$ cat entry-v3.cif   # mmCIF, C-alpha atoms
data_upload
#
loop_
_atom_site.label_atom_id
_atom_site.label_comp_id
_atom_site.auth_asym_id
_atom_site.auth_seq_id
_atom_site.Cartn_x
_atom_site.Cartn_y
_atom_site.Cartn_z
CA MET G 1 13.15 35.18 -50.20
CA ASP G 2 14.33 31.65 -50.97
CA ILE G 3 14.59 30.33 -54.52
CA VAL G 4 14.80 26.59 -55.11
CA TYR G 5 15.80 25.24 -58.52
CA HIS G 6 14.99 21.60 -59.00
CA CYS G 7 15.64 19.00 -61.70
CA PHE G 8 15.87 15.22 -61.90
CA GLY G 9 19.26 14.69 -60.28
CA GLY G 10 20.02 18.17 -58.97
CA THR G 11 23.30 18.17 -60.81
CA HIS G 12 22.92 19.71 -64.28
CA SER G 13 20.13 22.11 -65.19
CA SER G 14 19.36 23.20 -61.61
CA VAL G 15 23.07 23.81 -61.00
CA LEU G 16 23.35 25.85 -64.18
CA ALA G 17 20.28 27.88 -63.24
CA ALA G 18 21.57 28.48 -59.71
CA ALA G 19 25.01 29.44 -61.03
CA LEU G 20 23.48 31.95 -63.44
CA HIS G 21 21.20 33.26 -60.70
CA THR G 22 23.97 33.80 -58.18
CA GLY G 23 26.40 35.22 -60.73
CA LEU G 24 28.87 32.33 -60.71
CA LEU G 25 28.34 32.26 -64.45
CA TYR G 26 28.04 35.53 -66.25
CA ASP G 27 24.73 35.36 -68.10
CA ARG G 28 25.88 37.27 -71.18
CA GLN G 29 28.74 34.93 -71.86
CA PRO G 30 27.76 32.95 -74.95
CA ARG G 31 27.70 29.22 -74.21
CA PRO G 32 30.69 28.74 -71.91
CA GLY G 33 32.54 25.48 -72.53
CA ASN G 34 34.31 23.39 -69.96
CA SER G 35 33.70 26.04 -67.29
CA PHE G 36 30.45 24.16 -66.53
CA PHE G 37 32.44 21.39 -64.93
CA ALA G 38 34.08 23.80 -62.48
CA LEU G 39 30.69 24.70 -61.00
CA PRO G 40 29.97 23.33 -57.52
CA PHE G 41 27.76 20.20 -57.62
CA PHE G 42 27.92 20.04 -61.42
CA ASP G 43 27.82 16.44 -62.68
CA THR G 44 28.81 15.13 -59.27
CA GLN G 45 25.53 14.21 -57.58
CA ASP G 46 24.01 10.74 -57.77
CA SER G 47 20.70 9.17 -56.78
CA LYS G 48 21.68 9.21 -53.09
CA SER G 49 21.76 13.00 -53.19
CA GLN G 50 18.20 13.23 -54.48
CA GLY G 51 15.81 14.88 -52.04
CA LYS G 52 18.56 16.78 -50.24
CA LEU G 53 18.54 20.54 -50.30
CA TYR G 54 21.84 22.26 -51.09
CA PHE G 55 22.50 25.92 -50.51
CA TYR G 56 24.09 27.43 -53.62
CA GLY G 57 24.56 31.10 -52.87
CA ILE G 58 22.99 34.50 -52.46
CA ASP G 59 22.02 36.69 -55.38
CA GLU G 60 22.55 40.44 -55.70
CA CYS G 61 19.18 41.15 -54.00
CA GLY G 62 19.98 39.00 -50.98
CA ASN G 63 17.77 36.07 -51.99
CA ARG G 64 19.06 32.66 -50.96
CA VAL G 65 19.37 30.19 -53.84
CA TYR G 66 19.15 26.43 -53.38
CA ILE G 67 19.20 23.35 -55.59
CA ILE G 68 17.54 19.99 -55.11
CA GLY G 69 17.22 16.78 -57.11
CA ARG G 70 13.74 15.31 -57.00
CA GLY G 71 13.73 12.34 -59.36
CA ARG G 72 10.37 12.04 -61.08
CA ASP G 73 8.51 13.52 -58.13
CA ALA G 74 8.24 17.16 -59.11
CA ASP G 75 4.58 17.27 -58.03
CA ALA G 76 5.40 15.98 -54.56
CA LEU G 77 8.23 18.50 -54.18
CA GLU G 78 6.03 21.38 -55.24
CA LEU G 79 3.30 20.30 -52.83
CA VAL G 80 5.69 19.97 -49.90
CA PHE G 81 7.49 23.25 -50.58
CA GLY G 82 4.34 25.15 -51.47
CA ASN G 83 3.09 27.81 -49.15
CA GLN G 84 -0.53 26.72 -48.92
CA ILE G 85 0.10 25.42 -45.41
CA ASP G 86 1.78 28.51 -43.97
CA ASN G 87 0.99 31.67 -45.85
CA ASP G 88 3.84 33.59 -44.26
CA LEU G 89 6.47 31.28 -45.73
CA GLN G 90 7.83 32.32 -49.06
CA ALA G 91 9.86 30.26 -51.46
CA VAL G 92 9.90 30.24 -55.23
CA VAL G 93 10.20 26.69 -56.52
CA VAL G 94 11.41 26.54 -60.12
CA ASN G 95 11.52 23.47 -62.34
CA ALA G 96 14.77 23.71 -64.30
CA LEU G 97 14.14 20.39 -66.03
CA SER G 98 11.84 22.14 -68.47
CA CYS G 99 14.98 23.43 -70.22
CA VAL G 100 16.78 20.12 -70.54
CA PRO G 101 17.29 18.85 -74.11
CA PHE G 102 17.29 15.13 -74.89
CA LEU G 103 21.07 15.10 -75.33
CA LEU G 104 21.61 16.28 -71.76
CA LYS G 105 19.21 13.65 -70.43
CA ILE G 106 21.15 10.90 -72.20
CA GLY G 107 24.53 12.36 -71.21
CA GLY G 108 23.43 12.79 -67.59
CA PHE G 109 22.13 9.24 -67.46
CA ILE G 110 25.39 7.82 -68.83
CA SER G 111 27.58 9.97 -66.65
CA ARG G 112 25.70 9.75 -63.35
CA ARG G 113 23.62 6.58 -63.43
CA LEU G 114 25.93 4.33 -65.46
CA LYS G 115 28.96 6.02 -63.91
CA LEU G 116 30.68 6.46 -67.25
CA PRO G 117 31.68 10.12 -67.15
CA ARG G 118 34.17 9.83 -70.01
CA VAL G 119 31.33 8.84 -72.33
CA GLY G 120 28.60 10.93 -70.76
CA ARG G 121 30.37 14.24 -70.23
CA PRO G 122 30.80 15.21 -73.91
CA LEU G 123 27.06 14.64 -74.34
CA VAL G 124 26.36 16.62 -71.16
CA LEU G 125 28.45 19.47 -72.50
CA ALA G 126 26.68 19.42 -75.87
CA GLY G 127 23.31 19.27 -74.11
CA MET G 128 24.22 22.14 -71.79
CA ARG G 129 25.15 24.25 -74.78
CA GLN G 130 21.80 23.46 -76.39
CA GLY G 131 19.82 24.27 -73.26
CA TYR G 132 21.89 27.23 -72.08
CA ALA G 133 19.76 29.94 -73.65
CA CYS G 134 16.57 28.43 -72.24
CA VAL G 135 18.02 28.24 -68.71
CA ARG G 136 19.32 31.81 -69.01
CA ASP G 137 15.84 33.02 -70.00
CA LEU G 138 14.26 31.02 -67.18
CA VAL G 139 16.59 32.63 -64.63
CA TYR G 140 15.90 36.06 -66.09
CA ARG G 141 12.15 35.48 -65.68
CA VAL G 142 12.56 34.23 -62.11
CA LYS G 143 14.74 37.21 -61.17
CA THR G 144 12.24 39.65 -62.69
CA GLU G 145 9.31 38.05 -60.87
CA VAL G 146 11.15 37.96 -57.56
CA ARG G 147 12.10 41.63 -57.92
CA GLU G 148 8.47 42.57 -58.64
CA GLU G 149 7.28 40.78 -55.51
CA MET N 1 5.31 18.72 -33.66
CA ARG N 2 3.11 18.45 -36.72
CA LEU N 3 1.62 15.16 -37.76
CA VAL N 4 1.37 14.29 -41.45
CA TYR N 5 -0.49 11.24 -42.70
CA TYR N 6 0.77 10.52 -46.17
CA ASN N 7 -0.02 8.15 -48.99
CA SER N 8 2.62 7.82 -51.68
CA GLN N 9 0.35 6.00 -54.16
CA GLY N 10 -1.79 9.06 -54.79
CA LEU N 11 -4.82 7.75 -52.89
CA PRO N 12 -6.70 9.98 -50.45
CA LEU N 13 -6.40 7.40 -47.66
CA ALA N 14 -4.25 9.91 -45.79
CA ALA N 15 -7.30 12.19 -45.76
CA VAL N 16 -9.37 9.45 -44.11
CA ALA N 17 -6.71 8.91 -41.43
CA ALA N 18 -6.33 12.65 -40.81
CA ALA N 19 -10.12 13.04 -40.64
CA ILE N 20 -10.39 10.32 -38.00
CA ARG N 21 -7.53 11.82 -35.97
CA THR N 22 -9.12 15.28 -36.00
CA GLY N 23 -12.66 14.06 -35.37
CA ARG N 24 -14.09 14.86 -38.79
CA LEU N 25 -14.97 11.18 -39.12
CA PRO N 26 -16.32 9.23 -36.12
CA SER N 27 -14.39 6.63 -34.15
CA ASP N 28 -16.85 3.95 -35.29
CA ALA N 29 -17.96 3.15 -38.83
CA SER N 30 -21.25 5.03 -38.49
CA PHE N 31 -20.97 7.61 -41.23
CA GLU N 32 -22.56 8.14 -44.60
CA ALA N 33 -20.81 8.11 -47.97
CA ALA N 34 -21.47 11.84 -48.29
CA GLU N 35 -19.45 12.54 -45.13
CA LEU N 36 -16.49 10.66 -46.54
CA LEU N 37 -16.71 12.18 -50.00
CA SER N 38 -17.02 15.72 -48.69
CA LEU N 39 -13.69 15.66 -46.85
CA PRO N 40 -11.45 18.57 -47.92
CA LEU N 41 -9.76 18.02 -51.31
CA ILE N 42 -10.60 14.31 -51.29
CA ASN N 43 -11.36 14.42 -55.01
CA PHE N 44 -7.89 15.70 -55.84
CA ARG N 45 -5.20 13.48 -57.34
CA ARG N 46 -2.63 15.03 -55.04
CA ALA N 47 -2.88 17.38 -52.11
CA PHE N 48 -1.20 18.64 -48.99
CA VAL N 49 -3.86 19.97 -46.68
CA PHE N 50 -4.28 20.98 -43.07
CA TYR N 51 -7.06 18.91 -41.50
CA GLY N 52 -7.22 20.41 -38.04
CA THR N 53 -5.89 19.77 -34.58
CA ASP N 54 -6.27 16.53 -32.66
CA SER N 55 -7.31 16.09 -29.03
CA THR N 56 -3.75 16.79 -27.84
CA GLY N 57 -3.56 20.06 -29.77
CA MET N 58 -1.24 18.70 -32.46
CA LYS N 59 -1.68 20.03 -36.00
CA VAL N 60 -2.70 17.25 -38.36
CA TYR N 61 -2.12 17.29 -42.13
CA ALA N 62 -2.92 14.93 -44.97
CA PHE N 63 -0.59 14.50 -47.92
CA TRP N 64 -1.18 12.28 -50.90
CA CYS N 65 0.68 12.17 -54.17
CA ASN N 66 2.16 9.50 -56.39
CA ALA N 67 5.79 9.65 -55.28
CA ASP N 68 8.73 7.72 -53.90
CA PRO N 69 8.13 7.50 -50.11
CA ARG N 70 11.87 7.94 -49.42
CA LEU N 71 11.83 11.21 -51.31
CA VAL N 72 8.68 12.36 -49.52
CA HIS N 73 10.54 12.04 -46.20
CA LEU N 74 13.55 13.89 -47.58
CA PHE N 75 11.37 16.66 -49.02
CA PHE N 76 9.81 17.28 -45.63
CA GLN N 77 13.27 17.40 -44.06
CA ALA N 78 14.37 19.83 -46.76
CA ARG N 79 11.27 21.95 -46.16
CA GLY N 80 12.22 22.21 -42.49
CA GLU N 81 15.74 23.30 -43.46
CA LEU N 82 14.50 25.77 -46.04
CA TYR N 83 12.03 27.51 -43.79
CA ARG N 84 14.26 27.06 -40.74
CA GLN N 85 11.30 25.69 -38.85
CA ALA N 86 11.79 24.64 -35.28
CA GLU N 87 8.67 22.44 -35.43
CA GLU N 88 9.33 18.88 -36.47
CA TRP N 89 7.18 17.03 -39.00
CA SER N 90 6.19 13.55 -37.94
CA LEU N 91 5.29 11.48 -41.01
CA ARG N 92 2.96 8.49 -40.74
CA PRO N 93 2.52 6.34 -43.86
CA VAL N 94 -0.98 5.25 -44.88
CA ASP N 95 0.33 3.05 -47.69
CA GLU N 96 -0.05 -0.41 -46.28
CA ILE N 97 -3.50 -0.42 -44.75
CA PRO N 98 -5.08 -3.86 -45.35
CA GLY N 99 -7.55 -3.55 -48.21
CA SER N 100 -5.64 -0.76 -49.92
CA THR N 101 -5.69 -2.58 -53.26
CA ARG N 102 -9.49 -2.74 -53.08
CA MET N 103 -9.66 0.93 -52.13
CA ALA N 104 -7.24 1.85 -54.93
CA LEU N 105 -9.36 0.05 -57.53
CA ALA N 106 -12.56 1.61 -56.25
CA TRP N 107 -10.94 5.04 -56.17
CA ARG N 108 -9.73 4.69 -59.76
CA LEU N 109 -13.26 3.75 -60.84
CA ALA N 110 -14.62 6.74 -58.97
CA ARG N 111 -12.01 9.05 -60.51
CA SER N 112 -12.86 7.80 -63.98
CA GLY N 113 -16.44 8.90 -63.47
CA ARG N 114 -18.13 5.52 -63.06
CA PRO N 115 -21.36 6.02 -61.08
CA TYR N 116 -20.71 3.06 -58.78
CA GLY N 117 -17.05 3.96 -58.12
CA ARG N 118 -17.77 6.30 -55.22
CA SER N 119 -20.06 3.84 -53.51
CA LEU N 120 -17.47 1.08 -53.94
CA PHE N 121 -14.81 3.35 -52.46
CA TYR N 122 -17.06 4.15 -49.50
CA ARG N 123 -17.68 0.44 -48.89
CA ALA N 124 -13.98 -0.38 -49.23
CA VAL N 125 -13.11 2.30 -46.67
CA LEU N 126 -15.79 0.97 -44.31
CA LYS N 127 -14.31 -2.50 -44.59
CA SER N 128 -10.82 -1.26 -43.71
CA TYR N 129 -12.06 1.23 -41.12
CA PRO N 130 -10.82 -0.75 -38.07
CA HIS N 131 -7.31 -0.58 -39.51
CA PHE N 132 -7.61 3.17 -39.96
CA LEU N 133 -8.78 3.47 -36.35
CA GLU N 134 -5.83 1.40 -35.18
CA LEU N 135 -3.39 3.51 -37.18
CA THR N 136 -4.75 6.81 -35.92
CA SER N 137 -4.93 5.70 -32.30
CA LYS N 138 -1.14 5.21 -32.16
CA ASP N 139 0.86 8.06 -30.73
CA PRO N 140 3.26 9.70 -33.18
#

$ encode --input "entry-v3.cif" --output "structure tokens"
Amino acid sequence: MDIVYHCFGGTHSSVLAAALHTGLLYDRQPRPGNSFFALPFFDTQDSKSQGKLYFYGIDECGNRVYIIGRGRDADALELVFGNQIDNDLQAVVVNALSCVPFLLKIGGFISRRLKLPRVGRPLVLAGMRQGYACVRDLVYRVKTEVREE
Amino acid sequence: MRLVYYNSQGLPLAAVAAAIRTGRLPSDASFEAAELLSLPLINFRRAFVFYGTDSTGMKVYAFWCNADPRLVHLFFQARGELYRQAEEWSLRPVDEIPGSTRMALAWRLARSGRPYGRSLFYRAVLKSYPHFLELTSKDP
């Protein structure tokens, strides 16, 4: 099965979720610090990368995990990736933006849109720490549901 | 190849185009409002729906959703990569049909429950029908 995590830019919350899902980050580690910035695609994507699908890794059950940035068009993404057109196609599309605190939004905007990473990254880090537990729970729920299917 | 008529303003004009291409609506403007308003999912704010096959055997879909058209293209590309589909999606925009502002206004009235909104939408579609026919007669 394919699992697609999506968020606004495809560079913060979806990357964190994909990293937790594939085991790049150990999910019992309490709020890792600067290790976030060592994750592939973390805080590196910009608006030109939106809409492009990136393969992130394979989880322990053999599911392929992807990330994508979708701007404000979550509905369009979910329609296009949905399986109502071909019932035999299976992908789980997960909105990781639901876990993003305001601080991360501001930090992400400053770092990626305004291209001021020195200012934005401390806010991103603080926001990631705030939203970490939520993303971890989200990934846990996705993994449980995928296993049940 | 699969043909997708899409509207990125969230209007079901893509459904009209797909219906003409697949023969659900006639190739002249001789249809009733009920025929138009009973097209699959036409009352939805957003949809991605298979409308049938055209005379050449090509699968025809309608997609409408309020979204950035550039991203819609990229999402379809990404879908092809994700599902490793050999079949290509050919996307045809139904955004700039003449009279689309009139149709958008009428559709918003209809969506808000005004009794005359649906009839206005039907009339607006009839008025722009030659443009729909021209669009759907082009080969993808």

$ atom_distance --input "entry-v3.cif" --atom1 "atom CA of Phe109 of chain G" --atom2 "atom CA of Asn66 of chain N"
22.8 Å

$ interface_residues --input "entry-v3.cif" --of "chain G" --to "chain N" --cutoff "8 Å" --atoms "only C-alpha atoms" --output "list in words"
Asp2, Gln50, Gly51, Lys52, Leu53, Arg70, Arg72, Asp73, Asp75, Ala76, Leu77, Leu79, Val80, Phe81, Gln84, Ile85 and Leu89 of chain G

$ resolve_selection --input "entry-v3.cif" --expression "the PyMOL selection byres ((chain G and resi 20-27) around 10)" --output "number ranges by chain"
G: 3, 5, 14-19, 28-32, 35-36, 39-40, 56-65, 132-133, 135-140, 142-143

$ atom_distance --input "entry-v3.cif" --atom1 "atom CA of Arg102 of chain N" --atom2 "atom CA of Arg24 of chain N"
23.1 Å

$ resolve_selection --input "entry-v3.cif" --expression "the PyMOL selection byres ((chain N and resi 123-128) around 7)" --output "list in words"
Ala29, Pro98, Gly99, Arg102, Met103, Ser119, Leu120, Phe121, Tyr122, Tyr129, Pro130, His131 and Phe132 of chain N

$ atom_distance --input "entry-v3.cif" --atom1 "atom CA of Thr144 of chain G" --atom2 "atom CA of Val93 of chain G"
14.5 Å

$ resolve_selection --input "entry-v3.cif" --expression "the PyMOL selection byres ((chain N and resi 62) around 10)" --output "list in words"
Leu3, Val4, Tyr5, Tyr6, Asn7, Pro12, Leu13, Ala14, Ala15, Val16, Ala17, Ala18, Ala19, Pro40, Leu41, Ile42, Ala47, Phe48, Val49, Phe50, Tyr51, Gly52, Val60, Tyr61, Phe63, Trp64, Leu91, Arg92 and Val94 of chain N

$ closest_residue --input "entry-v3.cif" --among "N:Arg111, N:Leu105, N:Glu88, N:Glu134" --to "Phe44 of chain N" --atoms "all atoms listed in the file"
N:Arg111

$ axis_aligned_box --input "entry-v3.cif" --around "segment 34-50 of chain N" --padding-each-side "6 Å" --output "JSON"
{"center_x": -11.3, "center_y": 15.8, "center_z": -50.2, "size_x": 32.3, "size_y": 22.3, "size_z": 26.3}

$ closest_residue --input "entry-v3.cif" --among "G:Gln130, G:Gln45, G:Asn34, G:Asn95" --to "Gly9 of chain G" --atoms "only C-alpha atoms"
G:Gln45

$ residues_near_point --input "entry-v3.cif" --point "(-16.9, 5.7, -35.0)" --cutoff "10 Å" --atoms "all atoms listed in the file" --output "ChimeraX atom specification"
/N:20,23,25-31,129-130,133

$ decode --input "entry-v3.cif" --residues "segment 43-118 of chain N" --atoms "C-alpha atoms" --output "short mmCIF file (atom, residue, chain, number, x, y, z; two decimals), in the first residue's frame"
data_model
loop_
_atom_site.label_atom_id
_atom_site.label_comp_id
_atom_site.auth_asym_id
_atom_site.auth_seq_id
_atom_site.Cartn_x
_atom_site.Cartn_y
_atom_site.Cartn_z
CA ASN N 43 -24.83 19.55 -7.47
CA PHE N 44 -21.52 18.91 -5.73
CA ARG N 45 -19.07 21.69 -4.93
CA ARG N 46 -16.20 19.48 -6.03
CA ALA N 47 -16.04 16.13 -7.74
CA PHE N 48 -13.94 13.80 -9.80
CA VAL N 49 -16.24 11.50 -11.69
CA PHE N 50 -16.14 9.09 -14.60
CA TYR N 51 -18.66 10.19 -17.23
CA GLY N 52 -18.33 7.40 -19.75
CA THR N 53 -16.50 6.65 -22.96
CA ASP N 54 -16.58 8.80 -26.07
CA SER N 55 -17.09 7.67 -29.67
CA THR N 56 -13.40 6.73 -29.97
CA GLY N 57 -13.51 4.55 -26.86
CA MET N 58 -11.59 7.01 -24.69
CA LYS N 59 -12.54 7.22 -21.01
CA VAL N 60 -13.88 10.66 -20.17
CA TYR N 61 -13.85 12.19 -16.67
CA ALA N 62 -15.04 15.46 -15.18
CA PHE N 63 -13.16 17.17 -12.38
CA TRP N 64 -14.16 20.38 -10.69
CA CYS N 65 -12.79 21.91 -7.54
CA ASN N 66 -11.63 25.33 -6.44
CA ALA N 67 -7.88 24.94 -6.89
CA ASP N 68 -4.76 26.30 -8.53
CA PRO N 69 -4.80 24.92 -12.12
CA ARG N 70 -1.00 24.45 -12.07
CA LEU N 71 -1.34 22.23 -9.02
CA VAL N 72 -4.20 20.28 -10.58
CA HIS N 73 -1.88 19.32 -13.46
CA LEU N 74 0.89 18.36 -11.05
CA PHE N 75 -1.49 16.30 -8.90
CA PHE N 76 -2.55 14.27 -11.92
CA GLN N 77 1.10 13.71 -12.82
CA ALA N 78 1.79 12.66 -9.25
CA ARG N 79 -1.20 10.31 -9.33
CA GLY N 80 0.26 8.63 -12.40
CA GLU N 81 3.60 8.22 -10.61
CA LEU N 82 1.98 6.96 -7.43
CA TYR N 83 -0.14 4.32 -9.08
CA ARG N 84 2.51 3.61 -11.71
CA GLN N 85 -0.14 3.92 -14.38
CA ALA N 86 0.86 3.45 -17.96
CA GLU N 87 -2.23 5.35 -19.15
CA GLU N 88 -1.71 9.05 -19.58
CA TRP N 89 -4.19 11.66 -18.36
CA SER N 90 -5.00 14.35 -20.87
CA LEU N 91 -6.32 17.43 -19.08
CA ARG N 92 -8.57 19.92 -20.85
CA PRO N 93 -9.45 23.13 -18.98
CA VAL N 94 -13.05 24.35 -18.99
CA ASP N 95 -12.15 27.57 -17.18
CA GLU N 96 -12.30 30.13 -19.92
CA ILE N 97 -15.49 29.33 -21.76
CA PRO N 98 -17.13 32.62 -22.85
CA GLY N 99 -19.98 33.37 -20.47
CA SER N 100 -18.35 31.62 -17.53
CA THR N 101 -18.88 34.65 -15.27
CA ARG N 102 -22.62 34.51 -16.01
CA MET N 103 -22.66 30.77 -15.38
CA ALA N 104 -20.68 31.20 -12.16
CA LEU N 105 -23.14 33.79 -10.83
CA ALA N 106 -26.13 31.67 -11.77
CA TRP N 107 -24.53 28.60 -10.22
CA ARG N 108 -23.85 30.44 -6.97
CA LEU N 109 -27.49 31.55 -6.85
CA ALA N 110 -28.59 27.98 -7.49
CA ARG N 111 -26.24 26.65 -4.81
CA SER N 112 -27.58 29.16 -2.30
CA GLY N 113 -31.06 27.75 -2.79
CA ARG N 114 -32.64 30.57 -4.77
CA PRO N 115 -35.56 29.13 -6.79
CA TYR N 116 -34.57 30.94 -9.99
CA GLY N 117 -30.86 30.05 -9.72
CA ARG N 118 -31.16 26.69 -11.47
#
